[in-house]
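Have a look at the structure below, then the notes.
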Amino acid sequence: MQAKIDAFMEEVRARNGHEPEFLQAVQEVAETVIPYIATKEIYNGKNILLRMVEPERAITFRVPWVDDNGKIHVNRGYRIQMNSAIGPYKGGLRFHPTVTMSVLKFLAFEQVFKNSLTTLPMGGGKGGSDFDPKGKSDDEIMRFCHSFMSELFRHIGSNTDVPAGDIGVGGREIGFLFGMYRKIRNEFTGVLTGKGLTWGGSLIRPEATGYGTVYFAQNMLETKGDSFEGKTVTVSGSGNVAQYATEKATQLGAKVVTLSDSSGYIYDKDGIDTDKLAFVMELKNVKRGRISEYAEKYPSAEFHKGKTPWEVACDIALPCATQNELNGDDAGKLIENGCICVSEGANMPSTPEAIAAFHKAKIFFAPGKASNAGGVATSGLEMTQNSLRYKWTRQEVDDKLMQIMKEIHSSCLEYGTDENGYVDYVKGANIAGFVKVADAMLAQGVV
Ligand code: NDP
Ligand code: 2IT
């Protein structure tokens with residue numbers, strides 16, 4: 001079997017050798033899905049996985065914009081339309097200087113499996129730009145977003161491809177992007193999700209990824225009769241996902257003791273309570289400051305420059321910042337300090353070495369494509385409401401989110417439980433996500 005996986009990866013590497021993040025994401029899927037395919041006659045000889053690793057379409061484009069001093073800049077824009085076998089392409093836009101074709105292809109590939117797991121009819125895509133929003137004025141952000149959409153508009157649409165937010169793209173950016181799309185197309189449709197509540201957005205969408213990550217961890221803990229009550233939790237990141245993961249974990253009776261950004265992490269031994277979280281939200285979402293300012297404000301906290309939170313003892317770890325932010329050594333420290341559960345809010349935050357360590361220690365480990373799927377699932381619910389021209393209440397959307405996370409968890413159990421009862425959620429998520437897309441591709445023929 002290993003020879004089959006190696007041969008497959010060799011073929012993928014030959015075509016994408018310069019894309020390390022993409023190869024990392026494909027390798028993880030290949031290792032779990034190829035052995036499964038081998039047991040299913042219907043997939044034999046259909047080369048489905050090989051078809052799935054090639055984007056249906058990958059677009060790059062020039063994004064010129066003018067800063068507040070009149071200087072002209074050029075960034076690169078991307079949209080990877082990975083797979084539309086089960087629905088329109090769906091997935092976020094990331095604005096960050098580290099954005100490359102490799103990063104967006106890994107994200108688009110993961111998105112195909114994630115969206116399949118949500119139970120909703122959405123294909124997978126991802127896009128963004130190497131633009132760095134840090135330090136830019138609101139006007140500069142607006143001009144950049146307008147320029148970005150003045151090209152992207154011709155490739156998307158409410159039945160074609162529906163982008164949303166990701167790192168560096170939140171409510172402010174979605175507003176500017178939507179405004180330009182509406183103007184150019186002269187139509188008001190659900191072409192983007194994460195919209196404002198007065199113009200087609202869904203309640204709970206801002207909270208959904210972080211809440212969903214915690215709901216998924218709750219589902220895992222419940223299999224052993226455990227819960228968040230009284231647990232110590234470490235969270236990385238301090239953006240959208242980290243903020244709402246912190247809120248929900250706290251509501252469920254846990255104490256969250258860390259948050260971070262790219263300059264380091266804060267440790268607050270007393271816990272980040274509701275008031276302190278409100279300070280973080282204002283700091284990050286309005287003032288756009290640094291997490292180190294938390295330690296200046298609260299004497300119970302210390303700032304650890306240039307470090308990640310994984311050295312802090314915890315029961316539950318929620319990585320909510322970025323890819324490969326938790327390596328094998330970090331995993332070793334978490335396990336040594338008694339961590340029993342890791343639920344990924346970010347996409348691919350744990351390296352392959354870290355995942356292997358979690359599996360070896362037989363602790364709960366949920367890969368992002370399962371545990372952070374609440375964000376895109378609620379985007380799917382926003383699309384439904386837009387199509388219906390209707391609005392569900394906060395409770396209705398939250399109930400649906402909870403139910404979807406439960407169903408994703410059940411799918412992981414179905415395909416990921418081994419003979420000793422340990423659940424490999426990576427295997428479970430990959431196979432469950434694969435089956436739905438593969439069956440649609442089989443039905444639709446070689447296109
Ligand atoms: P935000 O832009 O709101 O926040 C990102 C956070 O991660 C910031 O604290 C940022 O710190 C930190 N971060 C970003 N890049 C790095 C880096 N290279 N090294 C260290 N820290 C970094 O993004 P989101 O919260 O929306 O996204 C976080 C993660 O969750 C991403 O992996 C994203 O793909 C994933 N995700 C997001 C969803 C959503 O709905 N928003 C849905 C599913 C997954 P700094 O300010 O210093 O850059
Ligand atoms: O990684 C992700 O799932 C997202 N950034 C959310 C995508 C979406 O379409 O809501």
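Each chain of the structure tokens is named A, B, ... in the order shown, its residues numbered from 1; ligands are numbered from 1 in display order.
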Checklist entry - Neighbours of ligand 1 within 7 Å, counting only C-alpha atoms and all ligand atoms, as a ChimeraX atom specification? => result /A:165-170,209,237-242,260-263,290,320-323,325,345-347,349,372-373,375-376
Item to check | alpha helix (DSSP H) positions in stretch 131-253 of chain A, given as a ChimeraX atom specification | outcome: /A:138-152,171-185,205-222,240-251
Next on the checklist: I need the residue nearest A:Gln251 from this list: A:Gly125, A:Gly230, A:Gly328, A:Gly45. Use only C-alpha atoms for the distance.
Outcome noted: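 Result for the nearest residue to A:Gln251: A:Gly230.
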Next on the checklist: So that I can check the secondary structure, give me every residue of stretch 93-277 of chain A assigned strand (DSSP E) by backbone DSSP, as a list of chain:residue names.
Outcome noted: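 The residues of stretch 93-277 of chain A classed as strand (DSSP E) are A:Leu93, A:Arg94, A:Phe95, A:Gly124, A:Gly125, A:Lys126, A:Gly127, A:Gly128, A:Ser129, A:Asp161, A:Val162, A:Pro163, A:Ala164, A:Thr232, A:Val233, A:Thr234, A:Val235, A:Lys255, A:Val256, A:Val257, A:Thr258, A:Leu259, A:Ser260, A:Asp261, A:Gly264, A:Tyr265, A:Ile266, A:Tyr267, A:Asp268.
Separating atom CA of A:Asp273 from atom CA of A:Val397 is a distance of 24.8 Å.
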Checklist entry - Near A:Asp439, counting only C-alpha atoms, which residues have an atom at most 10 Å away, once you skip same-chain residues fewer than 6 positions from it, shown as a PyMOL selection string? => result chain A and resi 42-43+48+85-86
Any chance you could export the current selection's C-alpha atoms as an mmCIF file, in the first residue's frame?
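Output contents, as saved in again-v2.cif:
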data_model
loop_
_atom_site.group_PDB
_atom_site.id
_atom_site.type_symbol
_atom_site.label_atom_id
_atom_site.label_comp_id
_atom_site.auth_asym_id
_atom_site.auth_seq_id
_atom_site.Cartn_x
_atom_site.Cartn_y
_atom_site.Cartn_z
ATOM 1 C CA ILE A 42 -16.337 1.357 -7.771
ATOM 2 C CA TYR A 43 -13.352 3.700 -7.477
ATOM 3 C CA ILE A 48 -10.426 10.191 -8.820
ATOM 4 C CA ALA A 85 -18.770 18.468 -8.357
ATOM 5 C CA ILE A 86 -21.192 18.934 -5.440
#
Item to check | Among the residues A:Ile80, A:Val233, A:Cys145, A:Ala30, the one that comes closest to A:Met101 [using only C-alpha atoms] | outcome: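 Checking each candidate against A:Met101, we get A:Ile80 as the closest.
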Checklist entry - If we count only C-alpha atoms, what is near A:Met52 at a cut-off of 9 Å, once residues fewer than 3 positions away on the same chain are taken out, given as a VMD selection string? => result chain A and resid 47 to 49 55 to 56 82 to 83 109 112 438
Item to check | Pick from A:Gly196, A:Gly289, A:Gly271, A:Gly92, whichever lies nearest to ligand 2 using only C-alpha atoms and all ligand atoms | outcome: A:Gly92
Item to check | A:Arg94, A:Lys297, A:Arg389, A:Arg76 ranked by distance to ligand 2, top pick (using only C-alpha atoms and all ligand atoms) | outcome: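 Under the stated criterion, the closest residue is A:Arg94.
With distances taken over only C-alpha atoms, A:Pro319 is the one residue among A:Pro319, A:Gly416, A:Pro35, A:Gly70 lying closest to A:Ala245.
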Any idea what's packed within 12 Å of A:Lys360, counting only C-alpha atoms, ignoring anything in its chain fewer than 6 positions away? Could you give it as a PDB file with N, CA, C and O atoms, in the first residue's frame?
ATOM      1  N   GLY A 328       6.156  19.254  16.029  1.00  0.00           N
ATOM      2  CA  GLY A 328       6.320  18.026  16.811  1.00  0.00           C
ATOM      3  C   GLY A 328       6.769  18.303  18.235  1.00  0.00           C
ATOM      4  O   GLY A 328       6.277  17.676  19.188  1.00  0.00           O
ATOM      5  N   ALA A 331       3.873  19.620  20.214  1.00  0.00           N
ATOM      6  CA  ALA A 331       2.942  18.529  20.535  1.00  0.00           C
ATOM      7  C   ALA A 331       3.474  17.737  21.722  1.00  0.00           C
ATOM      8  O   ALA A 331       2.716  17.387  22.639  1.00  0.00           O
ATOM      9  N   GLY A 332       4.794  17.486  21.731  1.00  0.00           N
ATOM     10  CA  GLY A 332       5.426  16.763  22.843  1.00  0.00           C
ATOM     11  C   GLY A 332       5.183  17.490  24.161  1.00  0.00           C
ATOM     12  O   GLY A 332       4.825  16.867  25.172  1.00  0.00           O
ATOM     13  N   ILE A 335       1.480  17.199  25.297  1.00  0.00           N
ATOM     14  CA  ILE A 335       1.165  15.862  25.828  1.00  0.00           C
ATOM     15  C   ILE A 335       1.784  15.687  27.219  1.00  0.00           C
ATOM     16  O   ILE A 335       1.118  15.240  28.163  1.00  0.00           O
ATOM     17  N   GLU A 353       4.324  15.902  11.983  1.00  0.00           N
ATOM     18  CA  GLU A 353       4.991  15.340  13.172  1.00  0.00           C
ATOM     19  C   GLU A 353       4.106  15.534  14.409  1.00  0.00           C
ATOM     20  O   GLU A 353       4.007  14.651  15.262  1.00  0.00           O
ATOM     21  N   ALA A 354       3.482  16.690  14.508  1.00  0.00           N
ATOM     22  CA  ALA A 354       2.592  16.958  15.653  1.00  0.00           C
ATOM     23  C   ALA A 354       1.397  16.002  15.633  1.00  0.00           C
ATOM     24  O   ALA A 354       1.038  15.413  16.658  1.00  0.00           O
ATOM     25  N   TYR A 422     -10.174   3.593  19.273  1.00  0.00           N
ATOM     26  CA  TYR A 422      -9.594   4.943  19.153  1.00  0.00           C
ATOM     27  C   TYR A 422     -10.068   5.567  17.841  1.00  0.00           C
ATOM     28  O   TYR A 422     -10.098   4.897  16.805  1.00  0.00           O
ATOM     29  N   VAL A 423     -10.420   6.836  17.901  1.00  0.00           N
ATOM     30  CA  VAL A 423     -10.900   7.496  16.684  1.00  0.00           C
ATOM     31  C   VAL A 423      -9.788   8.334  16.062  1.00  0.00           C
ATOM     32  O   VAL A 423      -9.268   9.261  16.693  1.00  0.00           O
ATOM     33  N   ASP A 424      -9.431   7.971  14.830  1.00  0.00           N
ATOM     34  CA  ASP A 424      -8.498   8.767  14.034  1.00  0.00           C
ATOM     35  C   ASP A 424      -9.360   9.735  13.228  1.00  0.00           C
ATOM     36  O   ASP A 424      -9.894   9.382  12.174  1.00  0.00           O
TER      37      ASP A 424
END
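Using only C-alpha atoms, the residues found no farther than 12 Å from stretch 136-140 of chain A, other than those of its own chain fewer than 4 positions away, are Pro64, Trp65, Val66, Asp67, Asp68, Asn69, Gly70, Lys71, Ile72, His73, Phe131, Asp132, Phe144, Cys145, His146, Ser147, Gly168, Arg172, Glu173, Gly175, Phe176, Val286, Lys287 and Arg288 of chain A.
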Next on the checklist: With distances taken over only C-alpha atoms and all ligand atoms, which residue among A:Arg394, A:Arg51, A:Lys105, A:His18 lies nearest ligand 2?
Outcome noted: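 Result for the nearest residue to ligand 2: A:Lys105.
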Next on the checklist: Residues within 10 Å of stretch 221-229 of chain A, please, as a PyMOL selection string. Count only C-alpha atoms; anything in the same chain fewer than 2 positions from it doesn't count.
Outcome noted: chain A and resi 214-219+231-233+248-255+315-316+340-341+364
